[in-house]
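**Student:** Mind looking over this structure? Questions follow.
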Amino acid sequence: MNDASSDDDLRSASHAEPGEVGLVEPRDYVSPAPFTFDNGQSIPGFTLRYETYGRLNASRDNAILICHALSGDHHCAGIHSLADKKPGWWNNLIGPGKAVDTNKFFVLCANVIGGCQGSSGPSSTDPRTGRPYGITFPAVTIRDMVRTQKLWLDSLGVQSLYAVIGGSMGGMQVLQWALEYPSFVKRSLAMATTAREGAQAIAFNEVGRQAILQDPEWNHGIYPKNGGPRVGLAIARMMAHITYLSDASMDRKFGRKAVSARHKTAPVTPAEDVSELSMEGIDPVTPTATFDVRFEVESYLRYQGKSFINRFDANSYLYITRALDQFDLAGTHGSLEAAFAPVEAATLVVGFTSDWLFPPDQNRDIALALLRAGKRVSYAELSTDLGHDSFLLESPQLYDLVRGFLN
Amino acid sequence: MARPSHLKRTVDMQIIADWVEPGARVLDLGCGRGVLLEYLVQTKNVHAVGVDLDFDKISACVRRGLTAYQGDMMSLMRALPENHFDRVICSRTLEELPDPGAIIEQALRIGKTVTVGFVNHGYWKNRAAAFFLGRKPRNAVYTTAWYESRPTNPASIADFEDFCTLRQLKIARRAHLGGDWKNRSSLCPNLLAGYALYDLTR
């Protein structure tokens, strides 16, 4: 961390595994100035929670910004405590000697505005009322996410971005960064993304939103912390999770394996017992034996839904999926080529063959439009069968590509 | 798309570099790992774009600081406007392409000039392999047996020039190399040249 005290440095150095970022601490950027959203509404100030790894160099030009996806957050590498079972979500890509090398680069990631992992969003307290914003929080766009991050980077003295990197919604932010702040962004790397969602992706998001909105506990967005539309949010997550995988990867992982058989072999999630995996108190009705969890894939999705509601706010889910759906560079600028006209960064777009949420063609379209606009752009397409989440894959081929682009 | 061989590549690369205008916008069809484009960037400061089918080749281009597009060259060209490039290069790739005539015509739409470099199958050693031995030619360029080779669509210099006449393409420049792919060869090129380079315009 750039501004860690020397004690902190010693501590993280002593605990860092070779090639690992090690212990990290989130920090808050608090903007005292009002922020006006794309829709014209404003809030009196805002907070972005962030993490940094590596050091900003003297010429302040080695910063790499990581942009997270819908359900991601600022914690993209390292661990928060030695007891952590899982490191940050892109830990396989980021670290000393890794593709995004923290020995060379100062890597930053912030939770998006509208989120719920420490940045201002619907679950934050509105200083004007003393109560959570709920749905009085202004509608958020991808551009709002980018503009608030720019204010935060300015406050840290970052003068330019060596690169902006992100997958899925993170990739949308990457594109927005490159056209919003052309001279600030030197390289942009967008993966598994789109310049505008197709009807299918909007449709999935809408089903997720309806699951939340139709849950009586949603109560027009007014609910206590740890309460609210937990069933709706869990169902939204279960369905969305399917769209991040693929037929092949689900079949390989679960096939038609039954849960009872699971106990005879090694359990998938040892900490979770099957009864716990059923939706317990959040089930609207007690399922009869016929409809109780039968296949491993069901138990897996229930587990995904259940763990999601403990870390994500339903209103944030509504806001961020809406931001995803509204994002439309061609629609906003007349054409994709017009949108990209100001871009100065060298761009790399990466699609994944099995991604059916933001399919390769939508990634190609970004590259082709940049090419038509006369920009420096490369397009690579990795053959994987892991679906949309392929960008998080442990793939030496992907690491080599990213490393080659950055060096 | 792999070129037949990494051998003897310097002379044809140099000829292409001689023909390329400094600072030109260049597209390389079947750019492989970007060796030619890197050379053109270094010698002629071109704005280079490559296209190839293979992820690792694109990755190698990116590592060289080049821009490259992974995908089908025909789809890429169809997505680009007329005269988008000063020059489109199709070097050591031609014989592996399906419907090469359509590709050259498409290249002439998006590029003002098209450079084509190809192995001359009229070269006497290639003829001899077929005529005297009754075999597919195997040599430093074609190292593999038929059963481990990609489909090829071999053409001779005479075939190519006939094609240009038929389609009314202007041959702005030509260069023929001997069997060693090193020295220029001007006498009876269809029989004595091992490799041929052409600059075509509309």
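In the structure tokens, chains take the letters A, B, ... in the order shown, each chain's residues start at 1, and ligands count up from 1 in the order shown.
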Do me a favour and pick out the residues of chain B within 6 Å of chain A, using only C-alpha atoms, as a PyMOL selection string.
**Tutor:** chain B and resi 59+62-63+67-70
**Student:** Please identify which residues in region 40-129 of chain B DSSP calls alpha helix (DSSP H) from the backbone, and express them as a ChimeraX atom specification.
**Tutor:** /B:40-44,55-63,73-78,100-110,124-129
**Student:** What lies within 6 Å of region 85-97 of chain A using only C-alpha atoms, ignoring chain neighbours under 6 positions off, as number ranges by chain?
**Tutor:** A: 19-21, 75-79, 103
**Student:** Using N, CA and C atoms, can you write the selected residues to a file as a compact mmCIF listing (two decimals), in the first residue's frame?
**Tutor:**
```txt
# COMPACT_ATOMS: atom_id res chain seq x y z
N GLY A 19 4.88 -14.12 -3.99
CA GLY A 19 3.91 -13.95 -5.06
C GLY A 19 2.52 -13.55 -4.60
N GLU A 20 2.36 -13.31 -3.31
CA GLU A 20 1.04 -12.90 -2.83
C GLU A 20 1.08 -11.47 -2.32
N VAL A 21 -0.03 -10.79 -2.46
CA VAL A 21 -0.14 -9.43 -1.96
C VAL A 21 -0.09 -9.43 -0.44
N HIS A 75 -12.18 -5.45 -2.85
CA HIS A 75 -11.19 -6.40 -2.33
C HIS A 75 -10.82 -7.40 -3.43
N CYS A 76 -9.90 -6.99 -4.32
CA CYS A 76 -9.61 -7.85 -5.46
C CYS A 76 -8.33 -8.66 -5.28
N ALA A 77 -7.55 -8.38 -4.26
CA ALA A 77 -6.35 -9.20 -4.04
C ALA A 77 -5.97 -9.17 -2.56
N GLY A 78 -5.18 -10.16 -2.16
CA GLY A 78 -4.72 -10.22 -0.78
C GLY A 78 -5.78 -10.74 0.17
N ILE A 79 -5.45 -10.71 1.44
CA ILE A 79 -6.37 -11.18 2.47
C ILE A 79 -6.51 -10.10 3.54
N ASN A 103 4.82 -5.54 -7.91
CA ASN A 103 6.19 -5.02 -7.73
C ASN A 103 6.43 -3.83 -8.66
```
**Student:** My list of candidates is A:Phe46, A:Tyr300, A:Phe137, A:Phe254. Which is closest to Ile222 (chain A) when distances are computed with only C-alpha atoms?
**Tutor:**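 Ranked by minimum distance to Ile222 (chain A), first place goes to A:Phe137.
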**Student:** Can you tell me, as a ChimeraX atom specification, what residues are no more than 9 Å from Leu97 (chain B) when counting only C-alpha atoms, ignoring any on the same chain fewer than 3 positions away?
**Tutor:** /B:93-94,100,103,151-153
**Student:** May I have the selected residues written with C-alpha atoms, as a short mmCIF file (atom, residue, chain, number, x, y, z; two decimals), in the first residue's frame?
**Tutor:**
```cif
data_model
loop_
_atom_site.label_atom_id
_atom_site.label_comp_id
_atom_site.auth_asym_id
_atom_site.auth_seq_id
_atom_site.Cartn_x
_atom_site.Cartn_y
_atom_site.Cartn_z
CA THR B 93 -0.75 -17.04 -46.40
CA LEU B 94 -2.43 -17.02 -49.80
CA PRO B 100 -8.33 -16.36 -52.32
CA ILE B 103 -10.07 -12.20 -50.19
CA PRO B 151 -5.17 -28.06 -47.03
CA THR B 152 -3.33 -25.92 -49.56
CA ASN B 153 -4.41 -24.30 -52.75
#
```
**Student:** Which residues in region 66-182 of chain B does DSSP call strand (DSSP E)? List them as a compact mmCIF listing (two decimals) with C-alpha atoms, in the first residue's frame.
**Tutor:**
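Final file, result_31.txt:
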```txt
# COMPACT_ATOMS: atom_id res chain seq x y z
CA THR B 67 -2.38 -4.47 -32.35
CA ALA B 68 -3.95 -7.64 -33.63
CA TYR B 69 -7.42 -9.01 -34.10
CA GLN B 70 -8.29 -12.63 -33.47
CA PHE B 85 -5.72 0.95 -44.84
CA ASP B 86 -3.00 2.23 -47.13
CA ARG B 87 -1.85 -1.31 -47.64
CA VAL B 88 -3.11 -4.80 -46.96
CA ILE B 89 -0.47 -7.51 -46.91
CA CYS B 90 -1.11 -11.15 -47.62
CA SER B 91 2.29 -12.76 -47.25
CA GLY B 111 -6.79 -1.12 -48.79
CA LYS B 112 -5.45 1.17 -51.49
CA THR B 113 -2.69 -1.31 -52.30
CA VAL B 114 -2.54 -5.03 -51.69
CA THR B 115 0.78 -6.83 -51.36
CA VAL B 116 0.65 -10.54 -52.07
CA GLY B 117 3.60 -12.86 -51.51
CA PHE B 118 3.33 -16.55 -52.34
CA VAL B 119 5.26 -19.69 -53.15
CA LYS B 170 -3.35 -3.57 -61.83
CA ILE B 171 0.05 -5.00 -61.04
CA ALA B 172 1.93 -1.99 -59.73
CA ARG B 173 5.09 -3.89 -58.80
CA ARG B 174 6.39 -7.41 -58.90
CA ALA B 175 9.43 -9.16 -57.48
CA HIS B 176 10.48 -12.74 -58.14
CA LEU B 177 12.98 -14.59 -55.99
```
**Student:** Report, in Å with one decimal, the straight-line distance from CA of Asp84 (chain A) to CA of Ile66 (chain A).
**Tutor:**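 Straight-line distance from CA of Asp84 (chain A) to CA of Ile66 (chain A) works out to 21.5 Å.
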**Student:** Can you pull out every residue within 6 Å of region 182-193 of chain B, counting only C-alpha atoms, but drop anything in the same chain fewer than 2 positions away, and send it as a short mmCIF file (atom, residue, chain, number, x, y, z; two decimals) with N, CA and C atoms, in the first residue's frame?
**Tutor:**
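Final output, saved to out-v6.cif:
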```cif
data_model
loop_
_atom_site.label_atom_id
_atom_site.label_comp_id
_atom_site.auth_asym_id
_atom_site.auth_seq_id
_atom_site.Cartn_x
_atom_site.Cartn_y
_atom_site.Cartn_z
N VAL B 11 14.43 -11.85 -47.00
CA VAL B 11 14.44 -11.10 -48.26
C VAL B 11 13.04 -10.63 -48.64
N GLY B 122 4.92 -23.20 -59.79
CA GLY B 122 5.46 -23.51 -61.12
C GLY B 122 6.98 -23.68 -61.09
N TYR B 123 7.59 -23.37 -59.97
CA TYR B 123 9.05 -23.52 -59.82
C TYR B 123 9.44 -24.95 -60.20
N TRP B 124 10.56 -25.06 -60.93
CA TRP B 124 10.87 -26.36 -61.56
C TRP B 124 11.01 -27.50 -60.56
N ILE B 157 3.06 -18.55 -60.59
CA ILE B 157 3.14 -17.16 -61.02
C ILE B 157 2.23 -16.92 -62.23
N HIS B 176 10.38 -11.28 -58.13
CA HIS B 176 10.48 -12.74 -58.14
C HIS B 176 11.82 -13.14 -57.54
N LEU B 177 11.76 -14.10 -56.65
CA LEU B 177 12.98 -14.59 -55.99
C LEU B 177 13.30 -15.99 -56.51
N GLY B 178 14.56 -16.32 -56.52
CA GLY B 178 14.98 -17.65 -56.99
C GLY B 178 14.56 -18.74 -56.01
N GLY B 179 15.02 -19.94 -56.30
CA GLY B 179 14.65 -21.08 -55.47
C GLY B 179 15.13 -20.97 -54.04
N ASP B 180 16.17 -20.13 -53.84
CA ASP B 180 16.67 -19.95 -52.47
C ASP B 180 15.90 -18.85 -51.72
N TYR B 195 9.67 -17.87 -55.29
CA TYR B 195 8.76 -17.05 -54.50
C TYR B 195 8.45 -15.79 -55.29
#
```
**Student:** Grab the CA of Gly194 (chain B) to CA of Gln14 (chain B) distance for me, in Å with one decimal place.
**Tutor:** 16.4 Å
**Student:** Could you check the closest approach to Ser168 (chain A) for each of A:Asn310, A:Thr194, A:Thr125, A:Asn39 and tell me which residue wins, using only C-alpha atoms?
**Tutor:**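 Checking each of A:Asn310, A:Thr194, A:Thr125, A:Asn39 against Ser168 (chain A), counting only C-alpha atoms, the winner is A:Thr194.
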**Student:** Met77 (chain B): which residues within 9 Å, counting only C-alpha atoms, same-chain residues fewer than 6 positions away excluded, as a PDB file with C-alpha atoms, in the first residue's frame?
**Tutor:**
```
ATOM      1  CA  ILE B 103     -10.068 -12.202 -50.193  1.00  0.00           C
ATOM      2  CA  GLN B 106     -12.029  -7.562 -50.336  1.00  0.00           C
ATOM      3  CA  ALA B 107      -8.478  -6.475 -49.425  1.00  0.00           C
ATOM      4  CA  ARG B 109     -11.702  -2.576 -51.122  1.00  0.00           C
ATOM      5  CA  ILE B 110     -10.373  -1.759 -47.640  1.00  0.00           C
TER       6      ILE B 110
END
```
**Student:** Excluding Ala17 (chain B) and residues on its chain fewer than 6 positions from it, collect all residues at most 9 Å away from it, counting only C-alpha atoms, and give them as a list in words.
**Tutor:**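 Counting only C-alpha atoms, the residues come to Leu36, Tyr39, Leu40, Thr43 and Lys44 of chain B.
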**Student:** Which of these residues is nearest to Asn83 (chain B), using only C-alpha atoms: B:Leu108, B:Tyr142, B:Gly23, B:Gln42?
**Tutor:**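 Among B:Leu108, B:Tyr142, B:Gly23, B:Gln42, it is B:Leu108 that comes nearest to Asn83 (chain B).
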**Student:** Taking into account only C-alpha atoms, which residue in the set A:Ala234, A:Leu108, A:Ile366, A:Leu23 is nearest to Ser81 (chain A)?
**Tutor:**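 Selected residue with least distance to Ser81 (chain A): A:Leu23.
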**Student:** Go ahead and compute the interatomic distance for CA of Arg167 (chain B) and CA of Asp99 (chain B), in Å to one decimal.
**Tutor:**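 Value for the CA of Arg167 (chain B)-CA of Asp99 (chain B) distance: 13.9 Å.
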